[in-house]
file data_36.pdb (PDB, C-alpha atoms and all ligand atoms)
ATOM      1  CA  MET X   1      99.702  59.716 116.323  1.00  0.00           C
ATOM      2  CA  LYS X   2     102.861  60.591 118.317  1.00  0.00           C
ATOM      3  CA  CYS X   3     103.746  64.078 119.492  1.00  0.00           C
ATOM      4  CA  SER X   4     106.707  65.560 117.638  1.00  0.00           C
ATOM      5  CA  GLU X   5     107.760  67.424 120.805  1.00  0.00           C
ATOM      6  CA  CYS X   6     107.808  64.645 123.410  1.00  0.00           C
ATOM      7  CA  GLY X   7     106.773  61.404 121.670  1.00  0.00           C
ATOM      8  CA  SER X   8     103.563  60.885 123.684  1.00  0.00           C
ATOM      9  CA  ASP X   9     100.138  60.208 122.155  1.00  0.00           C
ATOM     10  CA  TYR X  10      97.738  62.826 120.887  1.00  0.00           C
ATOM     11  CA  ILE X  11      94.144  62.618 122.148  1.00  0.00           C
ATOM     12  CA  LYS X  12      91.194  63.845 120.112  1.00  0.00           C
ATOM     13  CA  LYS X  13      89.251  66.583 121.929  1.00  0.00           C
ATOM     14  CA  VAL X  14      86.389  68.987 121.322  1.00  0.00           C
ATOM     15  CA  GLY X  15      86.463  72.288 123.133  1.00  0.00           C
ATOM     16  CA  THR X  16      87.112  76.000 123.158  1.00  0.00           C
ATOM     17  CA  ILE X  17      90.582  77.092 122.151  1.00  0.00           C
ATOM     18  CA  VAL X  18      92.073  80.573 122.293  1.00  0.00           C
ATOM     19  CA  GLU X  19      93.965  81.826 119.252  1.00  0.00           C
ATOM     20  CA  LYS X  20      95.931  85.055 118.856  1.00  0.00           C
ATOM     21  CA  ASP X  21      96.205  87.211 115.767  1.00  0.00           C
ATOM     22  CA  SER X  22      98.462  90.252 115.315  1.00  0.00           C
ATOM     23  CA  ILE X  23      95.476  92.380 114.218  1.00  0.00           C
ATOM     24  CA  ALA X  24      92.374  90.666 115.582  1.00  0.00           C
ATOM     25  CA  GLY X  25      93.940  89.963 118.980  1.00  0.00           C
ATOM     26  CA  LYS X  26      92.790  86.979 121.062  1.00  0.00           C
ATOM     27  CA  TYR X  27      89.687  85.091 119.995  1.00  0.00           C
ATOM     28  CA  LYS X  28      87.935  81.911 121.110  1.00  0.00           C
ATOM     29  CA  VAL X  29      86.650  79.163 118.834  1.00  0.00           C
ATOM     30  CA  HIS X  30      84.858  75.929 119.654  1.00  0.00           C
ATOM     31  CA  VAL X  31      86.497  73.210 117.537  1.00  0.00           C
ATOM     32  CA  GLU X  32      87.775  69.661 117.309  1.00  0.00           C
ATOM     33  CA  TYR X  33      91.527  69.262 117.856  1.00  0.00           C
ATOM     34  CA  TYR X  34      94.248  66.853 118.990  1.00  0.00           C
ATOM     35  CA  GLU X  35      96.202  67.450 122.183  1.00  0.00           C
ATOM     36  CA  CYS X  36      99.332  65.704 123.413  1.00  0.00           C
ATOM     37  CA  GLU X  37      98.485  63.961 126.695  1.00  0.00           C
ATOM     38  CA  ASN X  38     101.895  64.860 128.112  1.00  0.00           C
ATOM     39  CA  CYS X  39     103.049  68.306 126.887  1.00  0.00           C
ATOM     40  CA  HIS X  40      99.625  69.583 125.702  1.00  0.00           C
ATOM     41  CA  ASP X  41     100.908  70.470 122.236  1.00  0.00           C
ATOM     42  CA  LYS X  42      97.920  70.973 119.933  1.00  0.00           C
ATOM     43  CA  LEU X  43      97.346  69.768 116.392  1.00  0.00           C
ATOM     44  CA  TYR X  44      94.585  71.011 114.121  1.00  0.00           C
ATOM     45  CA  SER X  45      92.986  69.216 111.205  1.00  0.00           C
ATOM     46  CA  LEU X  46      92.589  70.995 107.882  1.00  0.00           C
ATOM     47  CA  GLU X  47      88.896  71.474 108.673  1.00  0.00           C
ATOM     48  CA  THR X  48      89.711  73.077 112.046  1.00  0.00           C
ATOM     49  CA  CYS X  49      92.314  75.337 110.389  1.00  0.00           C
ATOM     50  CA  LYS X  50      89.625  76.521 107.968  1.00  0.00           C
ATOM     51  CA  ILE X  51      87.263  77.345 110.860  1.00  0.00           C
ATOM     52  CA  LEU X  52      90.047  79.250 112.671  1.00  0.00           C
ATOM     53  CA  ASP X  53      90.920  81.168 109.494  1.00  0.00           C
ATOM     54  CA  LYS X  54      87.297  82.091 108.885  1.00  0.00           C
ATOM     55  CA  GLU X  55      86.918  83.407 112.432  1.00  0.00           C
ATOM     56  CA  ARG X  56      90.209  85.315 112.235  1.00  0.00           C
ATOM     57  CA  LEU X  57      89.175  87.011 108.967  1.00  0.00           C
ATOM     58  CA  LYS X  58      85.716  87.808 110.337  1.00  0.00           C
ATOM     59  CA  ARG X  59      87.290  89.533 113.355  1.00  0.00           C
ATOM     60  CA  ARG X  60      89.856  91.349 111.217  1.00  0.00           C
ATOM     61  CA  LYS X  61      87.073  92.712 109.003  1.00  0.00           C
ATOM     62  CA  LYS X  62      85.319  94.131 112.065  1.00  0.00           C
ATOM     63  CA  ILE X  63      88.483  95.924 113.203  1.00  0.00           C
ATOM     64  CA  MET X  64      90.021  97.019 109.911  1.00  0.00           C
ATOM     65  CA  LYS X  65      88.330 100.195 108.790  1.00  0.00           C
ATOM     66  CA  TYR X  66      89.663 102.717 106.285  1.00  0.00           C
ATOM     67  CA  GLU X  67      89.248 106.462 106.103  1.00  0.00           C
ATOM     68  CA  LYS X  68      90.439 109.549 104.299  1.00  0.00           C
ATOM     69  CA  TYR X  69      92.304 112.250 106.200  1.00  0.00           C
ATOM     70  CA  MET X  70      94.479 115.287 105.484  1.00  0.00           C
ATOM     71  CA  HIS X  71      98.212 114.573 105.415  1.00  0.00           C
ATOM     72  CA  HIS X  72     100.656 117.292 104.290  1.00  0.00           C
ATOM     73  CA  GLY X  73      97.815 119.119 102.611  1.00  0.00           C
ATOM     74  CA  ASN X  74      96.447 116.126 100.737  1.00  0.00           C
ATOM     75  CA  LYS X  75      93.494 113.867 101.386  1.00  0.00           C
ATOM     76  CA  VAL X  76      94.830 110.312 101.639  1.00  0.00           C
ATOM     77  CA  TRP X  77      93.345 106.915 102.437  1.00  0.00           C
ATOM     78  CA  VAL X  78      94.652 105.075 105.485  1.00  0.00           C
ATOM     79  CA  ARG X  79      93.703 102.186 107.722  1.00  0.00           C
ATOM     80  CA  SER X  80      91.956 103.923 110.646  1.00  0.00           C
ATOM     81  CA  ASP X  81      93.913 102.185 113.409  1.00  0.00           C
ATOM     82  CA  LEU X  82      97.248 103.075 111.764  1.00  0.00           C
ATOM     83  CA  ILE X  83      96.827 106.825 111.274  1.00  0.00           C
ATOM     84  CA  GLY X  84     100.078 108.591 112.123  1.00  0.00           C
ATOM     85  CA  LYS X  85     101.855 105.408 113.145  1.00  0.00           C
ATOM     86  CA  HIS X  86     104.165 105.083 110.111  1.00  0.00           C
ATOM     87  CA  ARG X  87     107.196 106.320 112.071  1.00  0.00           C
ATOM     88  CA  ASP X  88     106.741 103.595 114.680  1.00  0.00           C
ATOM     89  CA  TYR X  89     107.365 100.982 111.977  1.00  0.00           C
ATOM     90  CA  CYS X  90     109.840 102.727 109.680  1.00  0.00           C
ATOM     91  CA  LEU X  91     113.391 101.340 109.774  1.00  0.00           C
ATOM     92  CA  CYS X  92     114.819 104.694 108.623  1.00  0.00           C
ATOM     93  CA  MET X  93     113.791 106.282 111.936  1.00  0.00           C
ATOM     94  CA  VAL X  94     116.402 104.199 113.751  1.00  0.00           C
ATOM     95  CA  CYS X  95     118.934 103.899 110.942  1.00  0.00           C
ATOM     96  CA  LYS X  96     122.402 105.495 111.106  1.00  0.00           C
ATOM     97  CA  LYS X  97     122.241 106.286 107.412  1.00  0.00           C
ATOM     98  CA  LEU X  98     119.271 108.664 107.672  1.00  0.00           C
ATOM     99  CA  ASP X  99     120.315 112.317 107.705  1.00  0.00           C
ATOM    100  CA  VAL X 100     117.331 114.561 107.013  1.00  0.00           C
ATOM    101  CA  THR X 101     119.406 117.682 107.774  1.00  0.00           C
ATOM    102  CA  ASP X 102     121.484 117.191 104.631  1.00  0.00           C
ATOM    103  CA  ARG X 103     119.827 115.572 101.600  1.00  0.00           C
ATOM    104  CA  LYS X 104     123.222 115.186  99.859  1.00  0.00           C
ATOM    105  CA  LYS X 105     124.643 113.143 102.730  1.00  0.00           C
ATOM    106  CA  ASN X 106     121.371 111.320 103.307  1.00  0.00           C
ATOM    107  CA  CYS X 107     120.835 107.679 102.310  1.00  0.00           C
ATOM    108  CA  LYS X 108     120.228 107.381  98.546  1.00  0.00           C
ATOM    109  CA  ILE X 109     117.478 104.808  99.003  1.00  0.00           C
ATOM    110  CA  ALA X 110     115.624 106.958 101.546  1.00  0.00           C
ATOM    111  CA  ASN X 111     115.943 109.980  99.242  1.00  0.00           C
ATOM    112  CA  ALA X 112     114.555 108.037  96.264  1.00  0.00           C
ATOM    113  CA  VAL X 113     111.636 106.655  98.286  1.00  0.00           C
ATOM    114  CA  PHE X 114     110.898 110.112  99.704  1.00  0.00           C
ATOM    115  CA  LYS X 115     110.935 111.628  96.178  1.00  0.00           C
ATOM    116  CA  ASN X 116     108.453 109.001  95.027  1.00  0.00           C
ATOM    117  CA  SER X 117     106.257 109.563  98.102  1.00  0.00           C
ATOM    118  CA  VAL X 118     106.120 113.310  97.394  1.00  0.00           C
ATOM    119  CA  LYS X 119     105.359 112.681  93.701  1.00  0.00           C
ATOM    120  CA  PHE X 120     102.366 110.438  94.438  1.00  0.00           C
ATOM    121  CA  ASN X 121     101.302 111.766  97.899  1.00  0.00           C
ATOM    122  CA  LEU X 122     102.193 108.518  99.629  1.00  0.00           C
ATOM    123  CA  VAL X 123     103.359 107.622 103.112  1.00  0.00           C
ATOM    124  CA  THR X 124     105.881 104.819 102.720  1.00  0.00           C
ATOM    125  CA  PRO X 125     107.493 103.554 105.915  1.00  0.00           C
ATOM    126  CA  MET X 126     110.579 101.439 105.231  1.00  0.00           C
ATOM    127  CA  TRP X 127     109.475  97.961 106.215  1.00  0.00           C
ATOM    128  CA  GLU X 128     112.513  95.997 105.038  1.00  0.00           C
ATOM    129  CA  CYS X 129     115.863  97.258 103.792  1.00  0.00           C
ATOM    130  CA  PRO X 130     119.122  95.483 102.868  1.00  0.00           C
ATOM    131  CA  GLU X 131     121.234  98.530 103.836  1.00  0.00           C
ATOM    132  CA  PHE X 132     119.812  99.169 107.313  1.00  0.00           C
ATOM    133  CA  LEU X 133     122.371 100.113 109.992  1.00  0.00           C
ATOM    134  CA  CYS X 134     120.749 100.287 113.403  1.00  0.00           C
ATOM    135  CA  LYS X 135     121.626 103.352 115.515  1.00  0.00           C
ATOM    136  CA  ASN X 136     120.940 101.515 118.736  1.00  0.00           C
ATOM    137  CA  TYR X 137     123.478  98.728 118.287  1.00  0.00           C
ATOM    138  CA  MET X 138     126.422 100.487 116.611  1.00  0.00           C
TER     139      MET X 138
HETATM  140  S1  LIG E 201     119.615 102.317 104.631  1.00  0.00           S
HETATM  141 FE1  LIG E 201     117.490 101.686 104.458  1.00  0.00          FE
HETATM  142  S2  LIG E 201     116.709 101.889 106.524  1.00  0.00           S
HETATM  143 FE2  LIG E 201     118.579 103.070 106.422  1.00  0.00          FE
HETATM  144  S3  LIG E 201     117.968 105.126 105.910  1.00  0.00           S
HETATM  145 FE3  LIG E 201     118.447 104.075 104.022  1.00  0.00          FE
HETATM  146  S4  LIG E 201     116.513 103.278 103.309  1.00  0.00           S
HETATM  147 FE4  LIG E 201     116.255 103.788 105.448  1.00  0.00          FE
HETATM  148 ZN    ZN E 202     103.953  66.152 123.578  1.00  0.00          ZN
END
call {"tool": "encode", "arguments": {"input": "data_36.pdb", "output": "structure tokens"}}
result
Amino acid sequence: MKCSECGSDYIKKVGTIVEKDSIAGKYKVHVEYYECENCHDKLYSLETCKILDKERLKRRKKIMKYEKYMHHGNKVWVRSDLIGKHRDYCLCMVCKKLDVTDRKKNCKIANAVFKNSVKFNLVTPMWECPEFLCKNYM
């Protein structure tokens, strides 16, 4: 099999590889894989991918814990490692259209989401939005 990056041959190997997951972080797994003899690009078989997935999920399960805490006077469930971090991920926090000082001038989408959050005691950071206008680049 030829490497799609440089055209050299892949060599079958067995060894420890280090993978990285956004939640589980870095983890090591001993598996069979193919490595390009020139650029060291790695290829994994379906079986190896399954082993990597299993390990990743096992590590995520260890880390991801959930708890109830008081937020604006209500007990709410949250992933333990994300308590209070919603602002760090919310697009509205860096959007030109957010104006919390004047609800009438404020973004209609943000107002509607906020109304819904209050109604159901939710915390809903804006993850994706078609109307986003970044403060930092305008
Ligand atoms: S446009 Fe989108 S990101 Fe900007 S304030 Fe409104 S809802 Fe938030
Ligand atoms: Zn290569």
call {"tool": "resolve_selection", "arguments": {"input": "data_36.pdb", "expression": "the PyMOL selection byres (((chain X and resi 12-24) around 9) and not hetatm)", "output": "compact mmCIF listing (two decimals) with C-alpha atoms, in the coordinates of the input"}}
result
# COMPACT_ATOMS: atom_id res chain seq x y z
CA TYR X 10 97.74 62.83 120.89
CA ILE X 11 94.14 62.62 122.15
CA GLY X 25 93.94 89.96 118.98
CA LYS X 26 92.79 86.98 121.06
CA TYR X 27 89.69 85.09 120.00
CA LYS X 28 87.94 81.91 121.11
CA VAL X 29 86.65 79.16 118.83
CA HIS X 30 84.86 75.93 119.65
CA VAL X 31 86.50 73.21 117.54
CA GLU X 32 87.78 69.66 117.31
CA TYR X 33 91.53 69.26 117.86
CA TYR X 34 94.25 66.85 118.99
CA GLU X 35 96.20 67.45 122.18
CA CYS X 36 99.33 65.70 123.41
CA LEU X 52 90.05 79.25 112.67
CA ARG X 56 90.21 85.32 112.24
CA LEU X 57 89.18 87.01 108.97
CA LYS X 58 85.72 87.81 110.34
CA ARG X 59 87.29 89.53 113.36
CA ARG X 60 89.86 91.35 111.22
CA LYS X 61 87.07 92.71 109.00
CA LYS X 62 85.32 94.13 112.06
CA ILE X 63 88.48 95.92 113.20
CA MET X 64 90.02 97.02 109.91
call {"tool": "residues_near_ligand", "arguments": {"input": "data_36.pdb", "ligand": "ligand ZN 202 (chain E)", "cutoff": "10 Å", "atoms": "all atoms listed in the file", "output": "list in words"}}
result
Lys2, Cys3, Ser4, Glu5, Cys6, Gly7, Ser8, Asp9, Tyr10, Glu35, Cys36, Glu37, Asn38, Cys39, His40, Asp41 and Lys42 of chain X
call {"tool": "closest_residue", "arguments": {"input": "data_36.pdb", "among": "X:Phe114, X:Tyr44, X:Trp77, X:Phe120", "to": "ligand LIG 201 (chain E)", "atoms": "all atoms listed in the file"}}
result
X:Phe114
call {"tool": "residues_around", "arguments": {"input": "data_36.pdb", "residues": "stretch 86-89 of chain X", "least_positions_apart": "5", "cutoff": "12 Å", "atoms": "only C-alpha atoms", "output": "PyMOL selection string"}}
result
chain X and resi 78-79+81+94-95+122-128
call {"tool": "atom_distance", "arguments": {"input": "data_36.pdb", "atom1": "atom CA of X:Leu98", "atom2": "atom S4 of ligand LIG 201 (chain E)"}}
result
7.5 Å
call {"tool": "atom_distance", "arguments": {"input": "data_36.pdb", "atom1": "atom CA of X:Thr48", "atom2": "atom CA of X:Lys65"}}
result
27.3 Å
call {"tool": "atom_distance", "arguments": {"input": "data_36.pdb", "atom1": "atom CA of X:Lys96", "atom2": "atom CA of X:Leu82"}}
result
25.3 Å
call {"tool": "axis_aligned_box", "arguments": {"input": "data_36.pdb", "around": "stretch 66-84 of chain X", "padding_each_side": "5 Å", "output": "JSON"}}
result
{"center_x": 95.0, "center_y": 110.7, "center_z": 107.1, "size_x": 21.4, "size_y": 26.9, "size_z": 22.7}
call {"tool": "decode", "arguments": {"input": "data_36.pdb", "residues": "stretch 12-30 of chain X", "atoms": "N, CA and C atoms", "output": "PDB file, in the first residue's frame"}}
result
ATOM      1  N   LYS X  12       3.794  -2.601   8.149  1.00  0.00           N
ATOM      2  CA  LYS X  12       2.954  -3.040   9.265  1.00  0.00           C
ATOM      3  C   LYS X  12       3.778  -3.047  10.549  1.00  0.00           C
ATOM      4  N   LYS X  13       3.226  -2.481  11.620  1.00  0.00           N
ATOM      5  CA  LYS X  13       3.948  -2.422  12.898  1.00  0.00           C
ATOM      6  C   LYS X  13       3.007  -2.774  14.039  1.00  0.00           C
ATOM      7  N   VAL X  14       3.603  -3.158  15.160  1.00  0.00           N
ATOM      8  CA  VAL X  14       2.840  -3.351  16.398  1.00  0.00           C
ATOM      9  C   VAL X  14       3.561  -2.547  17.467  1.00  0.00           C
ATOM     10  N   GLY X  15       2.826  -1.684  18.137  1.00  0.00           N
ATOM     11  CA  GLY X  15       3.480  -0.865  19.153  1.00  0.00           C
ATOM     12  C   GLY X  15       2.512   0.051  19.874  1.00  0.00           C
ATOM     13  N   THR X  16       3.071   0.899  20.709  1.00  0.00           N
ATOM     14  CA  THR X  16       2.254   1.822  21.494  1.00  0.00           C
ATOM     15  C   THR X  16       2.115   3.135  20.735  1.00  0.00           C
ATOM     16  N   ILE X  17       0.881   3.551  20.534  1.00  0.00           N
ATOM     17  CA  ILE X  17       0.663   4.840  19.879  1.00  0.00           C
ATOM     18  C   ILE X  17      -0.049   5.774  20.862  1.00  0.00           C
ATOM     19  N   VAL X  18       0.178   7.072  20.660  1.00  0.00           N
ATOM     20  CA  VAL X  18      -0.449   8.065  21.532  1.00  0.00           C
ATOM     21  C   VAL X  18      -1.542   8.776  20.745  1.00  0.00           C
ATOM     22  N   GLU X  19      -2.750   8.747  21.274  1.00  0.00           N
ATOM     23  CA  GLU X  19      -3.878   9.429  20.650  1.00  0.00           C
ATOM     24  C   GLU X  19      -4.306  10.592  21.520  1.00  0.00           C
ATOM     25  N   LYS X  20      -5.008  11.567  20.934  1.00  0.00           N
ATOM     26  CA  LYS X  20      -5.455  12.722  21.705  1.00  0.00           C
ATOM     27  C   LYS X  20      -6.954  12.930  21.493  1.00  0.00           C
ATOM     28  N   ASP X  21      -7.651  13.131  22.585  1.00  0.00           N
ATOM     29  CA  ASP X  21      -9.084  13.371  22.521  1.00  0.00           C
ATOM     30  C   ASP X  21      -9.403  14.696  23.215  1.00  0.00           C
ATOM     31  N   SER X  22     -10.371  15.432  22.679  1.00  0.00           N
ATOM     32  CA  SER X  22     -10.678  16.761  23.239  1.00  0.00           C
ATOM     33  C   SER X  22     -11.118  16.692  24.698  1.00  0.00           C
ATOM     34  N   ILE X  23     -11.704  15.575  25.124  1.00  0.00           N
ATOM     35  CA  ILE X  23     -12.148  15.443  26.518  1.00  0.00           C
ATOM     36  C   ILE X  23     -11.212  14.559  27.323  1.00  0.00           C
ATOM     37  N   ALA X  24     -10.877  13.404  26.765  1.00  0.00           N
ATOM     38  CA  ALA X  24     -10.051  12.434  27.504  1.00  0.00           C
ATOM     39  C   ALA X  24      -8.578  12.820  27.551  1.00  0.00           C
ATOM     40  N   GLY X  25      -8.164  13.737  26.701  1.00  0.00           N
ATOM     41  CA  GLY X  25      -6.751  14.127  26.646  1.00  0.00           C
ATOM     42  C   GLY X  25      -5.920  13.081  25.921  1.00  0.00           C
ATOM     43  N   LYS X  26      -4.615  13.013  26.251  1.00  0.00           N
ATOM     44  CA  LYS X  26      -3.731  12.052  25.579  1.00  0.00           C
ATOM     45  C   LYS X  26      -3.860  10.688  26.229  1.00  0.00           C
ATOM     46  N   TYR X  27      -3.861   9.641  25.401  1.00  0.00           N
ATOM     47  CA  TYR X  27      -3.871   8.288  25.961  1.00  0.00           C
ATOM     48  C   TYR X  27      -3.089   7.348  25.047  1.00  0.00           C
ATOM     49  N   LYS X  28      -2.497   6.312  25.696  1.00  0.00           N
ATOM     50  CA  LYS X  28      -1.649   5.380  24.947  1.00  0.00           C
ATOM     51  C   LYS X  28      -2.374   4.059  24.741  1.00  0.00           C
ATOM     52  N   VAL X  29      -2.204   3.475  23.564  1.00  0.00           N
ATOM     53  CA  VAL X  29      -2.804   2.171  23.287  1.00  0.00           C
ATOM     54  C   VAL X  29      -1.801   1.314  22.508  1.00  0.00           C
ATOM     55  N   HIS X  30      -1.733   0.049  22.886  1.00  0.00           N
ATOM     56  CA  HIS X  30      -0.839  -0.879  22.200  1.00  0.00           C
ATOM     57  C   HIS X  30      -1.635  -1.577  21.093  1.00  0.00           C
TER      58      HIS X  30
END
